[in-house]
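A.B. asks: Let me begin by handing over the structure; questions about it come next.
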Amino acid sequence: MSSFVPGHFNDYPPPLGEVPSHPERHQDLGQTNLVIIEVLQVVIYTMLATVYFVITLLFRFATDSVPDPPDDTLPALGEEPSHLEQHPQDPEETHLSGVQQVVITSIRATDLTLGLRRIPAGFHVAVKADGAEYQTSNKPVDVDQVIVEWNERILLPCEPSSIVRISVYASFELGPMLCHREVLRTFEISIGELLDRSKNSHLIMFQPEQEEVISPCTSLFMTIEQEQRLSDENDAAVLCPLSLPTPGDLDILVLETDNGHRLLAQHRRRQQSVDLNQSIECFQRASDLCPVDHPYRPAALFNLATVKLISCQANGAHPDLDIPLSLFQGALDLRPIGHPDRSVTQLHLSIALLSRFVNQGFQTDGDLAGELLREVLSVCHANSHIYRAALAIERFALHPAGSIHANDLEQERPVASMPQLSPDQLAYLAEQCLRRDDPHALDEVISLHYDALGYYNTTHTCRGQLLDLDEAMTLIRETLALYPRRSMSLNTLANGLIARFEQRGNYQDLDEAIVLHREALALRPVGHTDRSMSLINLAAALSTRFDHRGNDQHLDEAITHDSEALALLPVGHPHRSASLNNLVIRLSTRFNHRGNNEDLDQAIALYREALALLPVGHPDRPGSLYNLAITLSTHFDYRGNDQYLDESIALHREAVALFPVGHRDQAASLDTLGNRLSTRFDSRRNDTDLDQAIALHREALALLPAIALYRESLALCLVGHRDRSTALNSLSNQLFIRCNHRGNDEDLDQTIALQREALALHPIGHPERSSSLNNLATQLATRFEHQGNGEDLNESREHLCCALTLLTQHDPRLGEDTDNLNDVMHHLKIAANVVSAGLLPRLQASLRWIRHAHQYSHDTELEAYATSIQLLDAFMSATASVSSRHNAIKDFPHTLAVDAASCALRSGDVHRAIELLEQGRTLIWTQMARFRMPLDNLPEALTKTFRDISFLLDKLPANQLEGTPRVDVEAEATRYRRLVEDWNRAVEDIWKIEGFSRFLLPPLFSDLQDAAHDVPVVMLIASKLSCDAIIIPHKQPPTSIQLPINFKKLLTLVSTFQEAIEKEAGPKGELWDKVVHPVVKNLGGFARRGSRVWWCPTSAFNFLPLHAAGEYRENGQSLLQLYASSYTPSLVALMRARRSHDRSPSVLFAAIGQNHPDGASFTLDGVEPELELVRSLLPPSPSVSFTKITSVDATKSRALHALRDNTWLHFACHGTQNYEEPFKSAFLMRDRPLSLLDITQTDLSRHQFAFLSACETAVGDFHTPDEVVHLVAGLQFAGMKSVIGTLWKVNDATVQRLVEAFYKNLCGDGTMNSKRAARALHRAVQSLACDKSIPLDQRIVFIHIGV
């Protein structure tokens, strides 16, 4: 005897539809019907009953969960197809008088399996026009295949007004079909409209069918061509129309089969036995028309077997299972090995066998089912629908220790229909379950109690009769004691503990729930059908713990689990939308906490996907629009891109239009749209935006009587309820807003009273206490402004001090009696040093500290700069990829380091200015270099640990490939953060070793001065505060010089110079007068005439050819006459280049040239002659081992190998500087570019010299000039000691003359020494100075970097 228990196993609990705490208002997922299923049969006598339950559900998945036929089905019952909205057409555009044929050349359909619960074998399209019908091939699809394309050619009528009927079908057999099978979409459209859509690439979009959230086939695109009469030889490529069935038995066979499928679908929709019985009769008559040798007999038997098995399941007629078994076996016998439908027949036969096995206990049935399933798995590919279904049955139906739950196969229906048992019945069922030791059924009853508790409100008379949470916990713990390894019972107990935590706030419940969820997840490995649910539940619990305790690791882990869960829920899964929402909320939370741009970008992408799942008319679409708009607004606030502000406003407008009158979010949506329009007005000063903003705020204000709803919400959160403080805060905030609008003191008094109660619910130690203190302080200060009561002001100040004390862990300095300005600076300093606040808020606080300290000339300005630079370095190091670091640094002032140095110079501290410049510039190179730091005199074990972790960090990808799954991206980011934590711990251990106390800390001036070991280094500082030069000698104190130019004039000089280069001119005298000459006048005491000097430019100075400065008049002075110039990106870079390595006795020299790179429309004719010229000028073998790679051999791979294997290199090719993504700057090779990223990941620590005869190899990014990201700097960072590169484009016709002069000066005496490179270039340029045939810009295009 069976018991029927309605409901669902509580394996998709409330956390999936939670409304997480978040700074912005997000849609309430609780309004979405996620998990409601059909009545399930729970068998209670033996453990085989559980297997039977599984088989029943799997059978429904395979045979009985087909969507209801759409309203536009082909007329089996005289139904009319739907008509598409006609687009206006230009008659001339569809004039076909000169065309003899119109042909469909391709059809593409998307999301054919979306919402399709039955296992499809394939899909096909039927096209009917002028009485003829054409049918494409029946194409099978994979589980993850989104697009299906048919390329058969189909002839259409030429008349534009002719109507074509197009239908998309799902088939459940690949062999001969008796009819079209299941129609997914059907519509009629004119030839002219088809041509217009094809020409303009307009998709045919479909909305979900009536009463469905999602429906198969979301869009269709058809390519139509107009052409003259096809040649006879091409006629065969055109599909022939289907031959009409001859009158007689075949007509009746098709009609009976069609009616059988229609009635079966009707039975699924209405659940009436009369439909099922009539369907059986139709399929029986169809079978009778197919004798033994009939070609359609296998399909007829299969259809009849399917509907007979459904009948046995529906009526509980288990003895009759022999009938469908016999029919399935008959169909299988007619589908031998190799038949396309053999596997699907075996699958259904195995389901029928397992159904008889669990009811009649014949072990042979179970064994035979296992053999059939194993054969299916051996012949079907892993991504096929049949394989996946067979795998699920084989894993779980044949192994009762596992289970497949109803949630996997559910169908949606209204939440209100859930409670169907009385409390007495529920209590009785629970007692019986304990007596039977049946944990599966007990979990079901506990689930029903939760649903009933949610259904019966606090005033319902039945509520008091239900099991309370403590009783529920006792029941589940007894279950676990009997079955300690049951993952579902673990999950149920964990959910109960979460529910109790939400009511009572006991952290012990939350911690235990997380432990249980982890154990449940461990029992659901990769491939388990319930793994996604366990991931979601664990993520929700961890996120809750982060909200209450603020531990970053909990949030990171939650995001990792949410990402994996989302990857396991394909498009069309009923829980994908909720999973998307959970993940995006947590990413937004982490962005607000850390400020990682990748989190914000991913949140926007996920919100876009979530919105795409909610078509027009869906009740959750307004909330989704609002969420995306809020996130885009955040993007604008953070990065200032007007495009995001405009899109945010457009989305807010749509959301406002869709929120029904009286909706709880209507006022907030109006108010937010008004705020965004006001923001745009501030940016663009468009009066229309301001007028609309005021009107919207007035409308939102008119809706504020909805405060009553907040009062009602508060009334439902009884004292002790976990959400009471949230409700108090919400009502308080709304009253405060209304007070600010209307000036009503009564609202303000109520606001303060509510906020006091909220504060009382946040005792000392609660993570939200500081926030409550701050809110109450703000409201008291407002009341002081209204009423002038000094007690309010004093209390407000007291609460603010308490809040700051909590945030700074009782910082004793808060008690100091200081004046107001010092107090402000002190608090800004504290805000920048609150470790728990996260790096981004701290960095933003430090930048505000700089701004205010500068504005008021406060003596903490320099300290504020130093703090900001340190925080920026830490913030950048927390970002996983090189490309994301470069993007992130764009969001902060690019003059931070030079402004800090200028501040130090104004205070007279030249040493500190140099230290801050080194610490705040070239951050990306500095952080990458940390992982390649040489270690000497350290303990072996510590050395190994540091090197191993550094190696892993150094080899991480510089960016994620497009299309990388989110779960992989998040897992990689989490791995990176953990590696950084391990690396930091290793560094801290190294600091404890004597002599290593400053290991990897920012270098002091005493260390940096070693960069000027041979000759002085000149640092040029370009700040809005001042433009300065610092001459750094090796042993003497540095000298600072204020230059007679300001930042604005310097930018003008850069712009003028760039225009001059485009005209093949060179620098004028202003560069000499304003920048270089003031330095030269002071160099005499440090460097003799004719010696070398290194330039270390910053900011805008990076874009000027300092080495070419001169008076440019007759008998005028120039730097070229006085000193040989070299450049260095930083002092530390020059010091790294000076490190000595053992040199090979033989010089390994590679000349790499590419005259015709991939995708180029040009040929560099001078490449081959240039390389031969270089060969002729080098010392002969064995002094130099020369390798030349050119033309087709100069591929990216060959160039990389040559770069690694040779210590001297000469590149002659085309170079490109990518200003948007500078790490994609590259040398263009025959197949693919050799990028800067490729170079930085290569160890060139023993390499001596490279000559880059290519365009723009030493040009950085104007937005981040002090990061110095270009090809020359990349080579130097990778280890190359000496590099010659170019500042702009090189002229092939003249460059060879400079190359010849350079190599003659470098190795004309037969020796090779990379330290000669700078002088060799200097002399080469001097030798060509009088040659007027070479334009000035080409004589000075090359620069030297390094030693």
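How things are named: the first chain in the structure tokens is A, the next is B, and so on; residues count from 1 in each chain; ligands count from 1 in the order shown.
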So that each row is one residue of segment 268-324 of chain A with an atom at most 12 Å from segment 359-371 of chain A, can you give its shortest atom pair and the distance in Å to one decimal, using only C-alpha atoms, rows by chain and rising number, as a tab-separated table?
C.D. replies:
```
residue	atom	partner	partner_atom	distance
A:Cys312	CA	A:Asn359	CA	11.8
A:Gln313	CA	A:Asn359	CA	11.2
A:Gly316	CA	A:Asn359	CA	10.2
A:Ala317	CA	A:Asn359	CA	10.3
A:His318	CA	A:Asn359	CA	6.9
A:Pro319	CA	A:Gln360	CA	8.3
A:Asp320	CA	A:Asn359	CA	11.3
A:Leu321	CA	A:Asn359	CA	9.7
A:Asp322	CA	A:Gln360	CA	11.1
```
A.B. asks: Could the residues in this selection be written to a file with N, CA, C and O atoms, as a compact mmCIF listing (two decimals), in the first residue's frame?
C.D. replies:
```txt
# COMPACT_ATOMS: atom_id res chain seq x y z
N CYS A 312 0.58 2.56 -17.25
CA CYS A 312 0.89 1.72 -16.09
C CYS A 312 1.34 2.56 -14.90
O CYS A 312 0.96 2.30 -13.75
N GLN A 313 2.16 3.55 -15.14
CA GLN A 313 2.65 4.40 -14.07
C GLN A 313 1.52 5.23 -13.47
O GLN A 313 1.41 5.38 -12.25
N GLY A 316 -0.98 2.83 -11.60
CA GLY A 316 -0.44 1.86 -10.66
C GLY A 316 -0.65 0.43 -11.08
O GLY A 316 -0.65 -0.49 -10.25
N ALA A 317 -0.83 0.20 -12.39
CA ALA A 317 -1.09 -1.15 -12.91
C ALA A 317 0.23 -1.86 -13.17
O ALA A 317 0.60 -2.12 -14.32
N HIS A 318 0.96 -2.17 -12.11
CA HIS A 318 2.29 -2.74 -12.27
C HIS A 318 2.31 -4.12 -12.92
O HIS A 318 3.25 -4.43 -13.66
N PRO A 319 1.30 -4.98 -12.67
CA PRO A 319 1.33 -6.27 -13.37
C PRO A 319 1.26 -6.13 -14.89
O PRO A 319 1.70 -7.03 -15.61
N ASP A 320 0.70 -4.99 -15.38
CA ASP A 320 0.58 -4.80 -16.82
C ASP A 320 1.87 -4.32 -17.48
O ASP A 320 1.89 -4.04 -18.68
N LEU A 321 2.94 -4.18 -16.70
CA LEU A 321 4.21 -3.72 -17.26
C LEU A 321 4.74 -4.67 -18.32
O LEU A 321 5.58 -4.29 -19.14
N ASP A 322 4.30 -5.93 -18.29
CA ASP A 322 4.75 -6.88 -19.31
C ASP A 322 4.41 -6.41 -20.72
O ASP A 322 5.14 -6.69 -21.67
```
A.B. asks: I'd like the neighbourhood of Asn744 of chain A as a ChimeraX atom specification, where a residue qualifies if any of its atoms comes within 10 Å (using only C-alpha atoms), though same-chain residues fewer than 5 positions away should be ignored.
C.D. replies: /A:735-736,738-739,749,786
A.B. asks: Quick one: residues within 9 Å of Tyr1112 of chain A, only C-alpha atoms counted, chain neighbours fewer than 4 positions away excluded, as a CSV table (one decimal) with C-alpha atoms, in the first residue's frame?
C.D. replies:
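Output contents, as saved in result08.csv:
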```csv
chain,number,residue,atom,x,y,z
A,1067,PRO,CA,62.3,69.4,-31.6
A,1068,LYS,CA,62.7,73.1,-31.5
A,1069,GLY,CA,64.7,75.2,-29.1
A,1116,GLY,CA,73.8,76.6,-31.3
A,1117,GLN,CA,74.4,74.2,-28.5
A,1118,SER,CA,72.9,70.7,-28.3
```
A.B. asks: At what distance in Å, to one decimal, does atom CA of Gly1260 of chain A lie from atom CA of Ala1133 of chain A?
C.D. replies: 16.1 Å
A.B. asks: According to DSSP computed on the backbone, where in segment 1117-1157 of chain A is there strand (DSSP E or B)? Give the residues as a ChimeraX atom specification.
C.D. replies: /A:1118,1124-1127,1147-1153
A.B. asks: What does the structure give for the distance between atom CA of Leu156 of chain A and atom CA of Asn138 of chain A, in Å to one decimal?
C.D. replies: 20.5 Å
A.B. asks: Could you pull the residues within 6 Å of segment 1045-1049 of chain A, counting only C-alpha atoms, minus those fewer than 4 positions along the same chain, as a ChimeraX atom specification?
C.D. replies: /A:1024,1027,1074
A.B. asks: Using only C-alpha atoms, pick whichever of A:Arg769, A:Thr218, A:Phe1262, A:His894 has the shortest atom-to-atom distance to His548 of chain A.
C.D. replies: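 Closest residue, counting only C-alpha atoms: A:Arg769.
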A.B. asks: Write out as a PyMOL selection string the residues lying within 6 Å of segment 536-544 of chain A, counting only C-alpha atoms and excluding same-chain residues fewer than 6 positions away.
C.D. replies: chain A and resi 15+517+554-555+558+561-562
A.B. asks: List as a list in words the protein and nucleic acid residues near Ser846 of chain A, meaning an atom at most 7 Å away when only C-alpha atoms are counted, but skip any in the same chain fewer than 2 places from it.
C.D. replies: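 Skipping anything fewer than 2 positions along the chain leaves Leu828, Lys829, Ala832, Arg842, Leu843, Gln844, Arg848, Trp849, Ile850, Ala864, Thr867 and Ser868 of chain A.
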A.B. asks: Keeping all heavy atoms, export the residues of the selection given above as a JSON list (two decimals), in the first residue's frame.
C.D. replies:
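Once everything was written out, this is part_8.json:
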```json
[["chain", "number", "residue", "atom", "x", "y", "z"],
["A", 828, "LEU", "N", 40.72, 61.13, 8.69],
["A", 828, "LEU", "CA", 41.00, 60.65, 7.33],
["A", 828, "LEU", "C", 42.17, 59.67, 7.33],
["A", 828, "LEU", "O", 42.15, 58.66, 6.61],
["A", 828, "LEU", "CB", 41.32, 61.84, 6.41],
["A", 828, "LEU", "CG", 40.12, 62.71, 6.01],
["A", 828, "LEU", "CD1", 40.60, 63.98, 5.31],
["A", 828, "LEU", "CD2", 39.20, 61.93, 5.08],
["A", 829, "LYS", "N", 43.15, 59.96, 8.15],
["A", 829, "LYS", "CA", 44.28, 59.04, 8.27],
["A", 829, "LYS", "C", 43.83, 57.69, 8.83],
["A", 829, "LYS", "O", 44.24, 56.63, 8.33],
["A", 829, "LYS", "CB", 45.35, 59.67, 9.17],
["A", 829, "LYS", "CG", 46.54, 58.76, 9.46],
["A", 829, "LYS", "CD", 47.55, 59.44, 10.37],
["A", 829, "LYS", "CE", 48.71, 58.51, 10.71],
["A", 829, "LYS", "NZ", 49.71, 59.19, 11.58],
["A", 832, "ALA", "N", 42.06, 55.60, 6.28],
["A", 832, "ALA", "CA", 42.97, 54.99, 5.32],
["A", 832, "ALA", "C", 43.72, 53.81, 5.90],
["A", 832, "ALA", "O", 44.34, 53.05, 5.15],
["A", 832, "ALA", "CB", 43.97, 56.03, 4.81],
["A", 842, "ARG", "N", 40.00, 52.06, 1.60],
["A", 842, "ARG", "CA", 41.16, 52.69, 2.25],
["A", 842, "ARG", "C", 41.92, 53.58, 1.26],
["A", 842, "ARG", "O", 42.33, 54.70, 1.60],
["A", 842, "ARG", "CB", 42.08, 51.62, 2.80],
["A", 842, "ARG", "CG", 41.49, 50.82, 3.96],
["A", 842, "ARG", "CD", 42.39, 49.67, 4.34],
["A", 842, "ARG", "NE", 43.69, 50.15, 4.81],
["A", 842, "ARG", "CZ", 44.77, 49.38, 4.90],
["A", 842, "ARG", "NH1", 44.71, 48.10, 4.53],
["A", 842, "ARG", "NH2", 45.91, 49.87, 5.35],
["A", 843, "LEU", "N", 42.09, 53.07, 0.04],
["A", 843, "LEU", "CA", 42.80, 53.86, -0.97],
["A", 843, "LEU", "C", 42.02, 55.12, -1.30],
["A", 843, "LEU", "O", 42.59, 56.22, -1.43],
["A", 843, "LEU", "CB", 43.01, 53.00, -2.22],
["A", 843, "LEU", "CG", 43.68, 53.67, -3.43],
["A", 843, "LEU", "CD1", 45.01, 54.29, -3.05],
["A", 843, "LEU", "CD2", 43.89, 52.64, -4.54],
["A", 844, "GLN", "N", 40.70, 55.00, -1.42],
["A", 844, "GLN", "CA", 39.89, 56.18, -1.71],
["A", 844, "GLN", "C", 39.95, 57.18, -0.54],
["A", 844, "GLN", "O", 39.99, 58.39, -0.77],
["A", 844, "GLN", "CB", 38.44, 55.74, -1.97],
["A", 844, "GLN", "CG", 38.29, 54.98, -3.28],
["A", 844, "GLN", "CD", 36.92, 54.34, -3.44],
["A", 844, "GLN", "OE1", 36.25, 54.04, -2.45],
["A", 844, "GLN", "NE2", 36.51, 54.13, -4.67],
["A", 848, "ARG", "N", 41.32, 61.12, -0.59],
["A", 848, "ARG", "CA", 40.62, 62.29, -0.01],
["A", 848, "ARG", "C", 41.51, 63.01, 1.00],
["A", 848, "ARG", "O", 41.50, 64.24, 1.09],
["A", 848, "ARG", "CB", 39.32, 61.82, 0.65],
["A", 848, "ARG", "CG", 38.24, 61.41, -0.33],
["A", 848, "ARG", "CD", 36.89, 61.29, 0.36],
["A", 848, "ARG", "NE", 36.86, 60.19, 1.32],
["A", 848, "ARG", "CZ", 36.53, 58.95, 1.01],
["A", 848, "ARG", "NH1", 36.20, 58.64, -0.24],
["A", 848, "ARG", "NH2", 36.52, 58.00, 1.93],
["A", 849, "TRP", "N", 42.27, 62.22, 1.72],
["A", 849, "TRP", "CA", 43.21, 62.81, 2.69],
["A", 849, "TRP", "C", 44.21, 63.70, 1.96],
["A", 849, "TRP", "O", 44.47, 64.84, 2.39],
["A", 849, "TRP", "CB", 43.90, 61.66, 3.43],
["A", 849, "TRP", "CG", 44.90, 62.07, 4.48],
["A", 849, "TRP", "CD1", 45.07, 63.29, 5.04],
["A", 849, "TRP", "CD2", 45.87, 61.20, 5.08],
["A", 849, "TRP", "NE1", 46.09, 63.24, 5.97],
["A", 849, "TRP", "CE2", 46.60, 61.97, 6.01],
["A", 849, "TRP", "CE3", 46.19, 59.85, 4.92],
["A", 849, "TRP", "CZ2", 47.63, 61.44, 6.77],
["A", 849, "TRP", "CZ3", 47.21, 59.31, 5.69],
["A", 849, "TRP", "CH2", 47.92, 60.09, 6.60],
["A", 850, "ILE", "N", 44.74, 63.24, 0.85],
["A", 850, "ILE", "CA", 45.67, 64.06, 0.05],
["A", 850, "ILE", "C", 44.99, 65.37, -0.38],
["A", 850, "ILE", "O", 45.56, 66.46, -0.25],
["A", 850, "ILE", "CB", 46.15, 63.29, -1.18],
["A", 850, "ILE", "CG1", 47.09, 62.14, -0.78],
["A", 850, "ILE", "CG2", 46.83, 64.21, -2.18],
["A", 850, "ILE", "CD1", 47.46, 61.24, -1.94],
["A", 864, "ALA", "N", 50.18, 61.50, 3.64],
["A", 864, "ALA", "CA", 49.01, 61.03, 2.89],
["A", 864, "ALA", "C", 49.44, 60.46, 1.54],
["A", 864, "ALA", "O", 48.93, 59.41, 1.10],
["A", 864, "ALA", "CB", 48.02, 62.18, 2.70],
["A", 867, "THR", "N", 51.06, 57.07, 2.09],
["A", 867, "THR", "CA", 50.05, 56.05, 2.39],
["A", 867, "THR", "C", 49.32, 55.63, 1.12],
["A", 867, "THR", "O", 49.08, 54.44, 0.89],
["A", 867, "THR", "CB", 49.05, 56.60, 3.42],
["A", 867, "THR", "OG1", 49.75, 57.00, 4.59],
["A", 867, "THR", "CG2", 48.00, 55.56, 3.77],
["A", 868, "SER", "N", 48.95, 56.59, 0.28],
["A", 868, "SER", "CA", 48.23, 56.28, -0.96],
["A", 868, "SER", "C", 49.08, 55.40, -1.88],
["A", 868, "SER", "O", 48.57, 54.44, -2.48],
["A", 868, "SER", "CB", 47.84, 57.56, -1.69],
["A", 868, "SER", "OG", 46.86, 58.26, -0.97]]
```
A.B. asks: Would you please work out which residue, of A:Arg594, A:Val379, A:Ala314, A:Cys802, is nearest to Ile337 of chain A when using only C-alpha atoms?
C.D. replies: A:Val379
A.B. asks: So what do you get for atom CA of Gly595 of chain A versus atom CA of Gln927 of chain A, distance-wise?
C.D. replies: 18.9 Å
A.B. asks: Could you pull out the alpha helix (DSSP H) residues of segment 158-332 of chain A from DSSP and send them as number ranges by chain?
C.D. replies: A: 191-199, 232-235, 249-270, 273-288, 297-315, 322-332
A.B. asks: When you count only C-alpha atoms, which of these residues is closest to Ser350 of chain A: A:Leu1209, A:Ala170, A:Ala390, A:Val910?
C.D. replies: A:Ala390
